[in-house]
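Single-structure report; data block below.
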Amino acid sequence: MDADSRLGPYTPWDAAPTPAQAPDEPSSATGGPAEPRPPHPSHTPPPPHTPPPPHTPPPPRPAGAAAGNEPPPRPSSTPPPGPLPAPASTSPPSMTDTPGPARHPQGPHHHGRRTQHDRPAPTPWRTARGLAARAPRGPLPPVACPLGGAALGRTLAEPLTALTDLPSFDTSAMDGWAVAGPGPWHLAARTGPDGHEHGILAGHEPSGAVADGDAVPIATGARIPPGATAVLRSEHGEVRRRPDGGAQLYAPAPVPPGQDIRPRGQECRRGEQLLPAGAVVTPAVLGLAAAAGYDELVAYARPRVEVLVLGDELLHAGLPAEGRIRDALGPMIAPWLRALGADAGAPRHLGDDADALYDALASSTADLVITTGGTASGPVDHVHPTLRRMGAEVLVDGVAVRPGHPMLLARLTPARLLVGLPGNPLAAVSGLLTLAEPVLRTLAARRRFPAYRAPLTAAVSGHPHDTRLVPVAFREGAADDGDGGAVVPLRFSGPAMLRGIAAADAMAVVPPGGAARGVDVELLDLPWTGDGAADAVADWTAGVPDDSGPGPHADPAPAPAAPTTPSPCSNVSPTDLTGGGAE
(Lines give C-alpha, C1' and ligand atoms only; values in the text may rest on other atoms or scores of the structure.)
Protein backbone atom coordinates (compact mmCIF):
# COMPACT_ATOMS: atom_id res chain seq x y z
CA MET A 1 0.00 0.00 0.00
CA ASP A 2 1.46 3.39 -0.98
CA ALA A 3 1.71 6.45 1.25
CA ASP A 4 -1.36 8.13 -0.26
CA SER A 5 -3.52 5.08 0.37
CA ARG A 6 -2.40 4.87 4.00
CA LEU A 7 -2.95 8.55 4.70
CA GLY A 8 -6.31 9.02 2.96
CA PRO A 9 -7.70 12.03 1.10
CA TYR A 10 -8.19 14.18 4.19
CA THR A 11 -4.56 14.03 5.28
CA PRO A 12 -3.06 17.56 5.26
CA TRP A 13 -0.12 18.16 3.00
CA ASP A 14 2.20 18.79 5.94
CA ALA A 15 1.66 15.20 7.14
CA ALA A 16 2.87 13.64 3.92
CA PRO A 17 5.90 14.00 1.65
CA THR A 18 5.61 17.36 -0.12
CA PRO A 19 7.02 17.65 -3.62
CA ALA A 20 9.38 20.46 -4.36
CA GLN A 21 7.01 21.70 -7.02
CA ALA A 22 3.93 20.58 -8.87
CA PRO A 23 4.49 17.88 -11.48
CA ASP A 24 4.29 18.78 -15.10
CA GLU A 25 0.94 18.25 -16.71
CA PRO A 26 0.35 14.76 -18.08
CA SER A 27 -0.76 14.18 -21.61
CA SER A 28 -4.38 14.34 -22.67
CA ALA A 29 -4.86 10.60 -22.41
CA THR A 30 -7.05 10.01 -19.36
CA GLY A 31 -4.96 8.63 -16.56
CA GLY A 32 -1.85 8.50 -18.71
CA PRO A 33 1.69 9.24 -17.60
CA ALA A 34 3.18 12.68 -17.74
CA GLU A 35 4.10 13.75 -21.24
CA PRO A 36 7.85 14.45 -21.53
CA ARG A 37 8.92 17.72 -23.08
CA PRO A 38 11.21 16.86 -26.02
CA PRO A 39 14.06 19.30 -26.61
CA HIS A 40 13.47 21.76 -29.40
CA PRO A 41 15.71 21.23 -32.42
CA SER A 42 17.04 24.73 -31.93
CA HIS A 43 18.53 23.66 -28.60
CA THR A 44 21.09 21.46 -30.40
CA PRO A 45 24.49 23.20 -30.74
CA PRO A 46 24.93 24.38 -34.33
CA PRO A 47 27.67 22.80 -36.44
CA PRO A 48 30.75 24.85 -37.42
CA HIS A 49 29.96 27.39 -40.11
CA THR A 50 30.77 26.27 -43.63
CA PRO A 51 30.05 28.05 -46.90
CA PRO A 52 26.75 26.95 -48.42
CA PRO A 53 27.08 24.59 -51.40
CA PRO A 54 26.13 25.82 -54.84
CA HIS A 55 22.41 25.80 -55.37
CA THR A 56 21.20 22.93 -57.53
CA PRO A 57 17.57 23.08 -58.68
CA PRO A 58 15.55 20.02 -57.65
CA PRO A 59 14.54 17.55 -60.36
CA PRO A 60 11.02 18.02 -61.71
CA ARG A 61 8.28 15.95 -60.07
CA PRO A 62 7.11 13.07 -62.25
CA ALA A 63 3.73 13.53 -63.82
CA GLY A 64 0.88 12.25 -61.66
CA ALA A 65 2.88 12.37 -58.45
CA ALA A 66 0.69 13.21 -55.43
CA ALA A 67 1.34 16.61 -53.99
CA GLY A 68 0.56 15.33 -50.51
CA ASN A 69 3.55 12.89 -50.65
CA GLU A 70 6.04 15.65 -51.30
CA PRO A 71 8.36 16.21 -48.34
CA PRO A 72 8.05 19.60 -46.67
CA PRO A 73 10.49 22.30 -47.81
CA ARG A 74 13.69 22.58 -45.85
CA PRO A 75 13.88 25.75 -43.76
CA SER A 76 16.04 28.45 -45.26
CA SER A 77 18.16 30.97 -43.39
CA THR A 78 17.94 33.45 -46.28
CA PRO A 79 14.78 35.56 -46.31
CA PRO A 80 12.80 35.45 -49.55
CA PRO A 81 12.80 38.55 -51.72
CA GLY A 82 10.03 41.08 -51.27
CA PRO A 83 8.72 43.22 -48.44
CA LEU A 84 9.51 42.35 -44.85
CA PRO A 85 6.83 40.40 -42.99
CA ALA A 86 4.45 42.32 -40.78
CA PRO A 87 5.16 42.27 -37.03
CA ALA A 88 3.43 39.58 -35.02
CA SER A 89 -0.05 40.39 -33.80
CA THR A 90 -0.68 40.79 -30.09
CA SER A 91 -4.33 39.73 -30.37
CA PRO A 92 -5.51 36.34 -29.07
CA PRO A 93 -4.30 33.44 -31.21
CA SER A 94 -6.60 32.72 -34.11
CA MET A 95 -6.67 29.86 -36.52
CA THR A 96 -8.36 32.03 -39.13
CA ASP A 97 -5.59 34.60 -39.45
CA THR A 98 -3.77 32.64 -42.12
CA PRO A 99 -5.41 29.52 -43.52
CA GLY A 100 -3.68 26.24 -44.12
CA PRO A 101 0.05 25.73 -44.56
CA ALA A 102 0.75 29.42 -45.15
CA ARG A 103 0.66 29.88 -41.37
CA HIS A 104 4.21 28.56 -41.08
CA PRO A 105 5.57 28.90 -44.62
CA GLN A 106 9.19 28.14 -43.73
CA GLY A 107 8.75 25.32 -41.23
CA PRO A 108 7.47 21.75 -41.28
CA HIS A 109 3.70 21.34 -41.20
CA HIS A 110 3.59 18.23 -39.00
CA HIS A 111 0.68 17.04 -41.15
CA GLY A 112 -1.46 19.98 -40.04
CA ARG A 113 -0.59 19.48 -36.36
CA ARG A 114 1.26 22.01 -34.24
CA THR A 115 3.98 20.95 -31.87
CA GLN A 116 4.42 22.25 -28.34
CA HIS A 117 6.98 24.75 -29.64
CA ASP A 118 4.56 26.22 -32.20
CA ARG A 119 2.03 27.23 -29.55
CA PRO A 120 1.80 30.70 -28.07
CA ALA A 121 2.58 31.34 -24.44
CA PRO A 122 -0.21 30.12 -22.13
CA THR A 123 -2.79 32.67 -21.03
CA PRO A 124 -2.67 33.67 -17.35
CA TRP A 125 -5.42 31.97 -15.36
CA ARG A 126 -7.39 35.07 -14.39
CA THR A 127 -7.07 36.50 -17.88
CA ALA A 128 -8.41 33.24 -19.34
CA ARG A 129 -11.46 33.36 -17.06
CA GLY A 130 -12.15 36.93 -18.13
CA LEU A 131 -11.84 36.06 -21.82
CA ALA A 132 -14.22 33.14 -21.34
CA ALA A 133 -16.82 35.32 -19.60
CA ARG A 134 -16.68 37.85 -22.47
CA ALA A 135 -16.61 35.30 -25.28
CA PRO A 136 -20.42 34.91 -25.69
CA ARG A 137 -22.30 37.75 -27.39
CA GLY A 138 -24.52 37.99 -24.31
CA PRO A 139 -27.29 36.06 -22.58
CA LEU A 140 -29.56 33.81 -24.59
CA PRO A 141 -33.09 35.06 -25.39
CA PRO A 142 -35.70 34.87 -22.62
CA VAL A 143 -38.50 32.32 -22.65
CA ALA A 144 -41.75 31.90 -20.72
CA CYS A 145 -41.63 28.77 -18.56
CA PRO A 146 -44.40 27.18 -16.48
CA LEU A 147 -43.71 26.93 -12.78
CA GLY A 148 -41.86 23.77 -11.87
CA GLY A 149 -38.81 21.93 -13.15
CA ALA A 150 -38.81 23.78 -16.48
CA ALA A 151 -38.05 27.06 -14.69
CA LEU A 152 -35.83 25.68 -11.92
CA GLY A 153 -32.22 26.82 -12.20
CA ARG A 154 -32.89 29.49 -14.83
CA THR A 155 -32.27 33.20 -14.36
CA LEU A 156 -35.17 35.64 -14.18
CA ALA A 157 -35.24 37.90 -17.24
CA GLU A 158 -37.58 40.40 -15.61
CA PRO A 159 -38.33 41.36 -12.01
CA LEU A 160 -40.74 39.22 -10.03
CA THR A 161 -43.53 41.63 -9.06
CA ALA A 162 -46.41 40.71 -6.75
CA LEU A 163 -49.67 40.25 -8.63
CA THR A 164 -51.66 40.43 -5.37
CA ASP A 165 -51.30 41.40 -1.74
CA LEU A 166 -49.66 38.74 0.42
CA PRO A 167 -51.62 37.60 2.27
CA SER A 168 -54.55 38.69 0.16
CA PHE A 169 -56.84 38.90 3.22
CA ASP A 170 -56.51 38.89 7.01
CA THR A 171 -55.79 35.33 8.12
CA SER A 172 -55.40 33.46 11.38
CA ALA A 173 -51.83 32.60 12.32
CA MET A 174 -52.88 29.90 14.80
CA ASP A 175 -55.57 27.37 15.59
CA GLY A 176 -57.82 28.77 18.28
CA TRP A 177 -60.73 31.20 18.51
CA ALA A 178 -61.44 34.44 16.69
CA VAL A 179 -62.60 36.77 19.48
CA ALA A 180 -64.30 40.17 19.44
CA GLY A 181 -63.54 42.60 22.25
CA PRO A 182 -62.22 41.81 25.73
CA GLY A 183 -63.07 38.51 27.38
CA PRO A 184 -64.64 36.43 28.59
CA TRP A 185 -66.49 35.53 25.43
CA HIS A 186 -69.61 33.65 24.58
CA LEU A 187 -68.59 30.69 22.46
CA ALA A 188 -70.74 30.73 19.37
CA ALA A 189 -71.16 27.52 17.39
CA ARG A 190 -70.54 27.57 13.63
CA THR A 191 -71.89 24.69 11.56
CA GLY A 192 -69.76 23.53 8.64
CA PRO A 193 -70.93 22.24 5.24
CA ASP A 194 -71.14 18.69 6.61
CA GLY A 195 -73.59 19.76 9.37
CA HIS A 196 -70.97 19.48 12.14
CA GLU A 197 -69.60 22.31 14.22
CA HIS A 198 -66.09 23.12 12.91
CA GLY A 199 -65.86 26.84 13.26
CA ILE A 200 -64.09 28.70 10.42
CA LEU A 201 -61.85 26.51 8.24
CA ALA A 202 -59.09 27.52 5.79
CA GLY A 203 -60.43 27.87 2.29
CA HIS A 204 -63.98 28.71 3.41
CA GLU A 205 -65.65 32.08 3.70
CA PRO A 206 -66.84 33.03 7.21
CA SER A 207 -70.61 32.56 7.55
CA GLY A 208 -71.09 35.87 9.29
CA ALA A 209 -69.62 38.58 11.48
CA VAL A 210 -68.56 38.02 15.08
CA ALA A 211 -70.49 40.15 17.57
CA ASP A 212 -68.75 41.97 20.38
CA GLY A 213 -68.22 39.55 23.28
CA ASP A 214 -68.44 36.47 21.06
CA ALA A 215 -65.80 33.95 19.99
CA VAL A 216 -65.80 31.39 17.20
CA PRO A 217 -63.37 28.48 16.57
CA ILE A 218 -60.91 29.18 13.71
CA ALA A 219 -58.19 27.18 11.95
CA THR A 220 -54.73 28.33 10.89
CA GLY A 221 -54.88 30.08 7.53
CA ALA A 222 -58.63 30.71 7.72
CA ARG A 223 -59.99 34.13 6.84
CA ILE A 224 -60.64 36.38 9.83
CA PRO A 225 -64.40 37.07 10.07
CA PRO A 226 -65.68 40.66 10.24
CA GLY A 227 -65.80 42.00 13.79
CA ALA A 228 -63.00 39.81 15.16
CA THR A 229 -60.25 41.74 16.91
CA ALA A 230 -57.74 38.99 17.78
CA VAL A 231 -57.10 35.24 17.80
CA LEU A 232 -56.76 33.38 21.09
CA ARG A 233 -54.58 30.28 20.71
CA SER A 234 -56.25 26.99 21.56
CA GLU A 235 -53.60 26.19 24.20
CA HIS A 236 -54.23 29.51 25.96
CA GLY A 237 -58.02 29.40 26.22
CA GLU A 238 -60.23 27.67 28.74
CA VAL A 239 -63.85 26.67 27.93
CA ARG A 240 -66.30 26.47 30.82
CA ARG A 241 -69.84 25.15 30.53
CA ARG A 242 -72.68 27.31 31.81
CA PRO A 243 -75.78 25.97 33.60
CA ASP A 244 -77.94 26.95 30.61
CA GLY A 245 -75.94 24.63 28.37
CA GLY A 246 -73.89 27.35 26.72
CA ALA A 247 -70.10 27.73 26.85
CA GLN A 248 -67.88 30.57 28.03
CA LEU A 249 -64.30 31.16 26.82
CA TYR A 250 -61.72 32.56 29.25
CA ALA A 251 -58.15 33.77 28.69
CA PRO A 252 -55.43 33.76 31.37
CA ALA A 253 -54.35 37.29 30.35
CA PRO A 254 -55.77 40.16 28.32
CA VAL A 255 -55.70 39.58 24.56
CA PRO A 256 -54.30 42.62 22.70
CA PRO A 257 -56.00 43.63 19.43
CA GLY A 258 -54.43 42.01 16.38
CA GLN A 259 -52.85 39.13 18.29
CA ASP A 260 -52.05 36.17 15.99
CA ILE A 261 -53.70 37.83 12.97
CA ARG A 262 -51.71 38.08 9.74
CA PRO A 263 -52.97 41.32 8.22
CA ARG A 264 -53.56 41.68 4.50
CA GLY A 265 -50.37 42.81 2.70
CA GLN A 266 -48.11 41.94 5.63
CA GLU A 267 -45.50 40.39 3.29
CA CYS A 268 -46.03 42.56 0.22
CA ARG A 269 -48.49 44.75 -1.60
CA ARG A 270 -49.62 44.28 -5.17
CA GLY A 271 -47.06 45.73 -7.59
CA GLU A 272 -44.18 45.48 -5.13
CA GLN A 273 -40.96 44.01 -6.51
CA LEU A 274 -40.18 40.71 -4.82
CA LEU A 275 -37.00 39.77 -6.69
CA PRO A 276 -34.91 41.59 -9.29
CA ALA A 277 -34.12 40.38 -12.78
CA GLY A 278 -31.03 38.18 -12.62
CA ALA A 279 -32.13 36.13 -9.62
CA VAL A 280 -31.69 32.37 -10.00
CA VAL A 281 -34.95 30.42 -9.84
CA THR A 282 -34.60 28.15 -6.81
CA PRO A 283 -37.33 25.99 -5.23
CA ALA A 284 -38.06 28.87 -2.84
CA VAL A 285 -38.48 31.27 -5.77
CA LEU A 286 -40.98 28.87 -7.36
CA GLY A 287 -42.99 28.87 -4.14
CA LEU A 288 -42.89 32.66 -3.84
CA ALA A 289 -43.97 33.09 -7.46
CA ALA A 290 -46.90 30.73 -6.96
CA ALA A 291 -47.99 32.55 -3.81
CA ALA A 292 -47.77 35.88 -5.65
CA GLY A 293 -50.13 34.66 -8.37
CA TYR A 294 -47.79 33.51 -11.17
CA ASP A 295 -48.46 30.54 -13.45
CA GLU A 296 -45.25 30.99 -15.49
CA LEU A 297 -41.98 32.88 -15.26
CA VAL A 298 -40.02 34.78 -17.90
CA ALA A 299 -36.42 33.54 -17.64
CA TYR A 300 -33.40 33.22 -19.88
CA ALA A 301 -33.06 30.09 -21.98
CA ARG A 302 -30.71 27.42 -20.77
CA PRO A 303 -27.47 27.17 -22.79
CA ARG A 304 -27.52 24.02 -24.90
CA VAL A 305 -24.29 22.06 -24.46
CA GLU A 306 -23.04 19.04 -26.36
CA VAL A 307 -20.32 16.89 -24.78
CA LEU A 308 -17.97 14.91 -27.05
CA VAL A 309 -15.74 12.35 -25.31
CA LEU A 310 -12.63 11.48 -27.33
CA GLY A 311 -10.26 8.56 -26.90
CA ASP A 312 -9.97 5.01 -28.22
CA GLU A 313 -8.64 3.90 -24.83
CA LEU A 314 -11.91 4.51 -22.98
CA LEU A 315 -14.28 1.83 -21.75
CA HIS A 316 -17.88 2.62 -20.80
CA ALA A 317 -18.53 -0.38 -18.55
CA GLY A 318 -16.63 -3.00 -16.57
CA LEU A 319 -13.11 -3.04 -15.23
CA PRO A 320 -10.05 -1.61 -17.02
CA ALA A 321 -8.35 -4.25 -19.11
CA GLU A 322 -5.93 -4.71 -22.01
CA GLY A 323 -4.54 -1.19 -21.78
CA ARG A 324 -7.96 0.48 -21.77
CA ILE A 325 -9.41 2.51 -18.89
CA ARG A 326 -12.86 3.58 -17.77
CA ASP A 327 -14.31 6.84 -19.03
CA ALA A 328 -14.52 8.97 -15.87
CA LEU A 329 -15.47 12.22 -17.60
CA GLY A 330 -18.62 11.16 -19.46
CA PRO A 331 -20.62 10.38 -16.29
CA MET A 332 -19.29 13.50 -14.53
CA ILE A 333 -19.41 16.39 -16.98
CA ALA A 334 -23.07 16.48 -18.04
CA PRO A 335 -24.45 16.66 -14.46
CA TRP A 336 -21.78 19.24 -13.66
CA LEU A 337 -22.96 21.38 -16.60
CA ARG A 338 -26.60 21.09 -15.56
CA ALA A 339 -25.66 22.34 -12.12
CA LEU A 340 -24.29 25.42 -13.89
CA GLY A 341 -27.67 26.02 -15.54
CA ALA A 342 -27.00 24.30 -18.87
CA ASP A 343 -29.16 21.91 -20.88
CA ALA A 344 -26.78 19.04 -21.55
CA GLY A 345 -27.69 15.62 -22.89
CA ALA A 346 -25.81 12.36 -22.52
CA PRO A 347 -22.23 12.56 -23.87
CA ARG A 348 -21.26 11.20 -27.28
CA HIS A 349 -18.20 8.96 -27.54
CA LEU A 350 -16.25 9.51 -30.76
CA GLY A 351 -12.91 7.82 -30.15
CA ASP A 352 -9.78 9.17 -31.80
CA ASP A 353 -11.26 9.87 -35.23
CA ALA A 354 -10.48 13.24 -36.82
CA ASP A 355 -13.23 12.97 -39.44
CA ALA A 356 -15.85 12.00 -36.84
CA LEU A 357 -14.81 14.96 -34.73
CA TYR A 358 -15.04 17.31 -37.69
CA ASP A 359 -18.49 16.02 -38.63
CA ALA A 360 -19.72 16.31 -35.04
CA LEU A 361 -18.51 19.90 -34.69
CA ALA A 362 -19.78 20.95 -38.11
CA SER A 363 -23.26 19.50 -37.52
CA SER A 364 -23.71 20.59 -33.91
CA THR A 365 -26.21 23.34 -33.18
CA ALA A 366 -25.36 23.62 -29.48
CA ASP A 367 -24.48 26.98 -27.98
CA LEU A 368 -21.39 25.38 -26.45
CA VAL A 369 -19.53 22.22 -27.44
CA ILE A 370 -17.24 20.60 -24.87
CA THR A 371 -14.63 18.06 -25.89
CA THR A 372 -12.59 15.89 -23.54
CA GLY A 373 -9.07 14.88 -24.48
CA GLY A 374 -7.16 15.52 -27.67
CA THR A 375 -6.05 19.07 -26.78
CA ALA A 376 -2.30 18.36 -26.55
CA SER A 377 0.12 17.62 -29.41
CA GLY A 378 0.13 13.83 -29.46
CA PRO A 379 -0.29 11.70 -32.58
CA VAL A 380 -4.05 11.26 -32.01
CA ASP A 381 -4.80 14.68 -30.52
CA HIS A 382 -7.15 15.96 -33.23
CA VAL A 383 -8.76 19.02 -31.64
CA HIS A 384 -6.30 21.65 -32.88
CA PRO A 385 -6.07 20.31 -36.46
CA THR A 386 -9.87 20.02 -36.63
CA LEU A 387 -10.38 23.59 -35.43
CA ARG A 388 -7.88 24.77 -38.02
CA ARG A 389 -9.70 22.77 -40.69
CA MET A 390 -12.97 24.44 -39.69
CA GLY A 391 -11.46 27.93 -39.69
CA ALA A 392 -12.31 28.40 -36.01
CA GLU A 393 -10.98 31.32 -34.01
CA VAL A 394 -9.00 30.21 -30.97
CA LEU A 395 -9.48 32.64 -28.10
CA VAL A 396 -7.49 30.80 -25.41
CA ASP A 397 -4.83 28.26 -26.40
CA GLY A 398 -3.41 26.92 -23.16
CA VAL A 399 -3.73 28.39 -19.68
CA ALA A 400 -1.04 28.93 -17.05
CA VAL A 401 -2.75 26.67 -14.52
CA ARG A 402 -2.01 23.23 -13.07
CA PRO A 403 -3.62 20.86 -13.63
CA GLY A 404 -5.22 21.52 -16.98
CA HIS A 405 -2.85 23.77 -18.87
CA PRO A 406 -3.66 22.29 -22.37
CA MET A 407 -7.30 23.54 -22.15
CA LEU A 408 -8.57 25.81 -24.92
CA LEU A 409 -11.49 28.06 -25.89
CA ALA A 410 -12.51 28.59 -29.53
CA ARG A 411 -15.25 30.31 -31.48
CA LEU A 412 -16.76 27.95 -34.06
CA THR A 413 -19.27 30.50 -35.39
CA PRO A 414 -20.30 33.93 -34.13
CA ALA A 415 -22.90 32.27 -31.86
CA ARG A 416 -21.21 28.94 -31.03
CA LEU A 417 -18.24 28.28 -28.77
CA LEU A 418 -16.08 25.28 -27.96
CA VAL A 419 -14.22 24.47 -24.74
CA GLY A 420 -11.55 21.81 -25.12
CA LEU A 421 -10.84 20.01 -21.85
CA PRO A 422 -7.76 17.89 -21.20
CA GLY A 423 -8.41 14.17 -20.90
CA ASN A 424 -7.10 13.74 -17.38
CA PRO A 425 -10.06 13.93 -14.96
CA LEU A 426 -8.86 16.58 -12.50
CA ALA A 427 -7.36 18.58 -15.36
CA ALA A 428 -10.81 18.51 -16.99
CA VAL A 429 -12.36 19.79 -13.75
CA SER A 430 -9.86 22.63 -13.85
CA GLY A 431 -11.03 23.42 -17.38
CA LEU A 432 -14.67 23.40 -16.31
CA LEU A 433 -13.95 25.91 -13.54
CA THR A 434 -11.64 28.06 -15.66
CA LEU A 435 -13.39 28.25 -19.05
CA ALA A 436 -16.76 26.46 -19.12
CA GLU A 437 -18.23 28.05 -15.99
CA PRO A 438 -17.61 31.68 -17.10
CA VAL A 439 -19.02 30.97 -20.57
CA LEU A 440 -22.18 29.38 -19.17
CA ARG A 441 -22.55 32.11 -16.57
CA THR A 442 -22.74 34.72 -19.35
CA LEU A 443 -25.05 32.66 -21.58
CA ALA A 444 -27.43 31.94 -18.69
CA ALA A 445 -27.23 35.55 -17.39
CA ARG A 446 -26.13 34.38 -13.95
CA ARG A 447 -24.46 36.98 -11.79
CA ARG A 448 -20.95 36.43 -10.56
CA PHE A 449 -20.73 36.12 -6.81
CA PRO A 450 -17.89 37.92 -5.00
CA ALA A 451 -14.82 35.80 -4.38
CA TYR A 452 -14.25 34.63 -0.84
CA ARG A 453 -11.14 33.41 0.92
CA ALA A 454 -10.15 31.11 3.76
CA PRO A 455 -6.85 30.26 5.48
CA LEU A 456 -5.02 27.03 4.79
CA THR A 457 -4.40 24.53 7.58
CA ALA A 458 -1.23 23.33 5.85
CA ALA A 459 1.27 24.67 3.35
CA VAL A 460 0.65 23.92 -0.32
CA SER A 461 3.52 23.71 -2.77
CA GLY A 462 3.17 25.71 -5.95
CA HIS A 463 4.25 25.68 -9.55
CA PRO A 464 7.10 28.11 -10.30
CA HIS A 465 5.08 30.07 -12.86
CA ASP A 466 1.49 28.78 -12.99
CA THR A 467 -1.56 29.00 -10.75
CA ARG A 468 -2.59 25.77 -9.04
CA LEU A 469 -6.13 24.60 -8.32
CA VAL A 470 -6.11 22.28 -5.31
CA PRO A 471 -9.10 20.42 -3.78
CA VAL A 472 -9.80 21.49 -0.20
CA ALA A 473 -12.33 20.62 2.50
CA PHE A 474 -13.74 22.94 5.13
CA ARG A 475 -12.33 22.16 8.55
CA GLU A 476 -14.82 21.21 11.21
CA GLY A 477 -14.34 22.90 14.55
CA ALA A 478 -15.09 25.99 16.58
CA ALA A 479 -14.20 29.37 15.15
CA ASP A 480 -12.03 30.17 18.19
CA ASP A 481 -9.81 27.07 18.07
CA GLY A 482 -7.27 28.71 15.80
CA ASP A 483 -8.32 26.93 12.63
CA GLY A 484 -12.06 27.55 12.58
CA GLY A 485 -13.24 28.45 9.09
CA ALA A 486 -10.01 27.17 7.53
CA VAL A 487 -9.66 24.71 4.65
CA VAL A 488 -7.67 21.49 4.56
CA PRO A 489 -5.68 20.76 1.37
CA LEU A 490 -6.54 17.24 0.26
CA ARG A 491 -4.25 14.53 -1.02
CA PHE A 492 -4.82 12.73 -4.32
CA SER A 493 -4.79 15.95 -6.32
CA GLY A 494 -2.82 14.71 -9.30
CA PRO A 495 -4.15 15.52 -12.80
CA ALA A 496 -5.44 11.97 -13.34
CA MET A 497 -7.05 11.63 -9.89
CA LEU A 498 -10.62 12.23 -8.76
CA ARG A 499 -10.35 10.95 -5.18
CA GLY A 500 -9.45 14.37 -3.82
CA ILE A 501 -12.12 16.35 -5.67
CA ALA A 502 -14.77 13.77 -4.70
CA ALA A 503 -14.11 14.59 -1.02
CA ALA A 504 -13.70 18.34 -1.59
CA ASP A 505 -15.90 21.29 -0.69
CA ALA A 506 -14.08 23.79 -2.91
CA MET A 507 -11.01 24.34 -5.07
CA ALA A 508 -8.31 26.59 -3.65
CA VAL A 509 -6.54 29.00 -6.01
CA VAL A 510 -2.87 28.71 -5.11
CA PRO A 511 -0.63 31.41 -6.63
CA PRO A 512 2.70 30.60 -8.30
CA GLY A 513 5.26 29.61 -5.72
CA GLY A 514 2.73 28.08 -3.32
CA ALA A 515 1.07 29.25 -0.11
CA ALA A 516 2.13 28.80 3.50
CA ARG A 517 0.00 27.55 6.37
CA GLY A 518 -2.42 30.21 7.55
CA VAL A 519 -2.38 32.18 4.29
CA ASP A 520 -5.80 33.13 2.93
CA VAL A 521 -6.47 31.65 -0.51
CA GLU A 522 -9.33 32.29 -2.90
CA LEU A 523 -11.91 29.50 -3.08
CA LEU A 524 -13.96 28.36 -6.07
CA ASP A 525 -17.32 26.82 -5.25
CA LEU A 526 -18.15 23.38 -6.60
CA PRO A 527 -21.68 22.66 -7.90
CA TRP A 528 -22.62 20.76 -4.76
CA THR A 529 -21.45 23.60 -2.48
CA GLY A 530 -22.59 26.63 -4.51
CA ASP A 531 -25.86 28.57 -4.65
CA GLY A 532 -28.16 25.55 -4.53
CA ALA A 533 -28.80 25.40 -8.26
CA ALA A 534 -27.36 21.89 -8.51
CA ASP A 535 -30.87 20.50 -8.27
CA ALA A 536 -31.79 21.96 -11.66
CA VAL A 537 -31.32 18.66 -13.48
CA ALA A 538 -34.70 17.80 -14.91
CA ASP A 539 -35.58 15.26 -17.60
CA TRP A 540 -32.32 13.35 -17.91
CA THR A 541 -31.87 9.64 -17.33
CA ALA A 542 -28.47 9.59 -15.71
CA GLY A 543 -28.51 5.84 -15.26
CA VAL A 544 -29.15 4.95 -18.91
CA PRO A 545 -25.82 4.06 -20.55
CA ASP A 546 -24.87 5.16 -24.03
CA ASP A 547 -25.68 2.38 -26.47
CA SER A 548 -22.79 3.10 -28.78
CA GLY A 549 -20.62 0.36 -27.29
CA PRO A 550 -16.91 0.46 -26.50
CA GLY A 551 -15.63 0.71 -30.08
CA PRO A 552 -13.26 3.50 -31.06
CA HIS A 553 -15.73 4.97 -33.58
CA ALA A 554 -18.92 4.06 -31.86
CA ASP A 555 -21.07 7.02 -32.82
CA PRO A 556 -20.16 8.26 -36.30
CA ALA A 557 -23.65 9.49 -37.17
CA PRO A 558 -24.54 13.07 -36.22
CA ALA A 559 -26.72 13.37 -33.14
CA PRO A 560 -28.81 16.25 -31.84
CA ALA A 561 -26.81 18.72 -29.79
CA ALA A 562 -29.47 19.13 -27.14
CA PRO A 563 -31.75 16.72 -25.30
CA THR A 564 -34.61 15.46 -27.42
CA THR A 565 -37.19 16.16 -24.71
CA PRO A 566 -39.21 19.15 -25.97
CA SER A 567 -39.03 22.21 -23.77
CA PRO A 568 -42.30 23.37 -22.20
CA CYS A 569 -41.07 26.97 -22.38
CA SER A 570 -42.04 29.41 -25.14
CA ASN A 571 -40.13 32.29 -26.65
CA VAL A 572 -40.71 35.81 -25.37
CA SER A 573 -40.68 38.82 -27.68
CA PRO A 574 -38.58 41.86 -26.72
CA THR A 575 -41.73 43.94 -26.24
CA ASP A 576 -42.83 41.56 -23.50
CA LEU A 577 -39.75 42.54 -21.50
CA THR A 578 -40.03 46.29 -22.08
CA GLY A 579 -43.71 46.68 -21.35
CA GLY A 580 -44.72 47.18 -24.99
CA GLY A 581 -47.89 45.86 -26.55
CA ALA A 582 -51.39 45.62 -25.19
CA GLU A 583 -51.84 45.17 -21.49
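Order determines the names: the first chain of the C-alpha coordinates is A, the second B, and so forth; residues in each chain are numbered 1 upward, and ligands are numbered 1 upward as they are shown.
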
Practice prompt. Quick one: everything within 9 Å of Asp175 in chain A, counting only C-alpha atoms, minus sequence neighbours fewer than 5 positions away in the same chain. Send it as a list in words.
Written response: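 So the residues in contact are Pro217, Ile218, Ala219, Thr220, Gly221, Val231, Leu232, Arg233, Ser234 and Glu235 of chain A.
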
Practice prompt. Tell me which protein, DNA and RNA residues are within 12 Å of Pro303 in chain A, counting only C-alpha atoms, leaving out same-chain ones fewer than 3 positions away, and put them as a ChimeraX atom specification.
Written response: /A:136,138-142,153-155,300,306,337-345,365-369,415-417,436-437,439-446,561-563

Discussion item. Can you pull out every residue from range 319-455 of chain A that DSSP, working from the backbone, puts in strand (DSSP E), and format the result as JSON, numbers by chain?
Written reply: {"A": [325, 326, 343, 344, 348, 349, 368, 369, 370, 371, 372, 393, 394, 395, 396, 397, 399, 400, 401, 402, 408, 409, 410, 411, 412, 413, 416, 417, 418, 419, 420, 421, 452, 453, 454, 455]}

Worksheet item: CA of Val309 in chain A and CA of Gly330 in chain A, how far apart in Å?
Response: 6.6 Å

Practice prompt. Give me the residues within 10 Å of range 224-230 of chain A as a ChimeraX atom specification, counting only C-alpha atoms and dropping any in the same chain fewer than 4 places off.
Written response: /A:169-173,177-182,200,202,205-216,218-219,255-263

Discussion item. According to DSSP computed on the backbone, where in range 256-488 of chain A is there helix (DSSP H, G or I)? Give the residues as number ranges by chain.
Written reply: A: 283-291, 330-339, 354-363, 383-390, 425-443
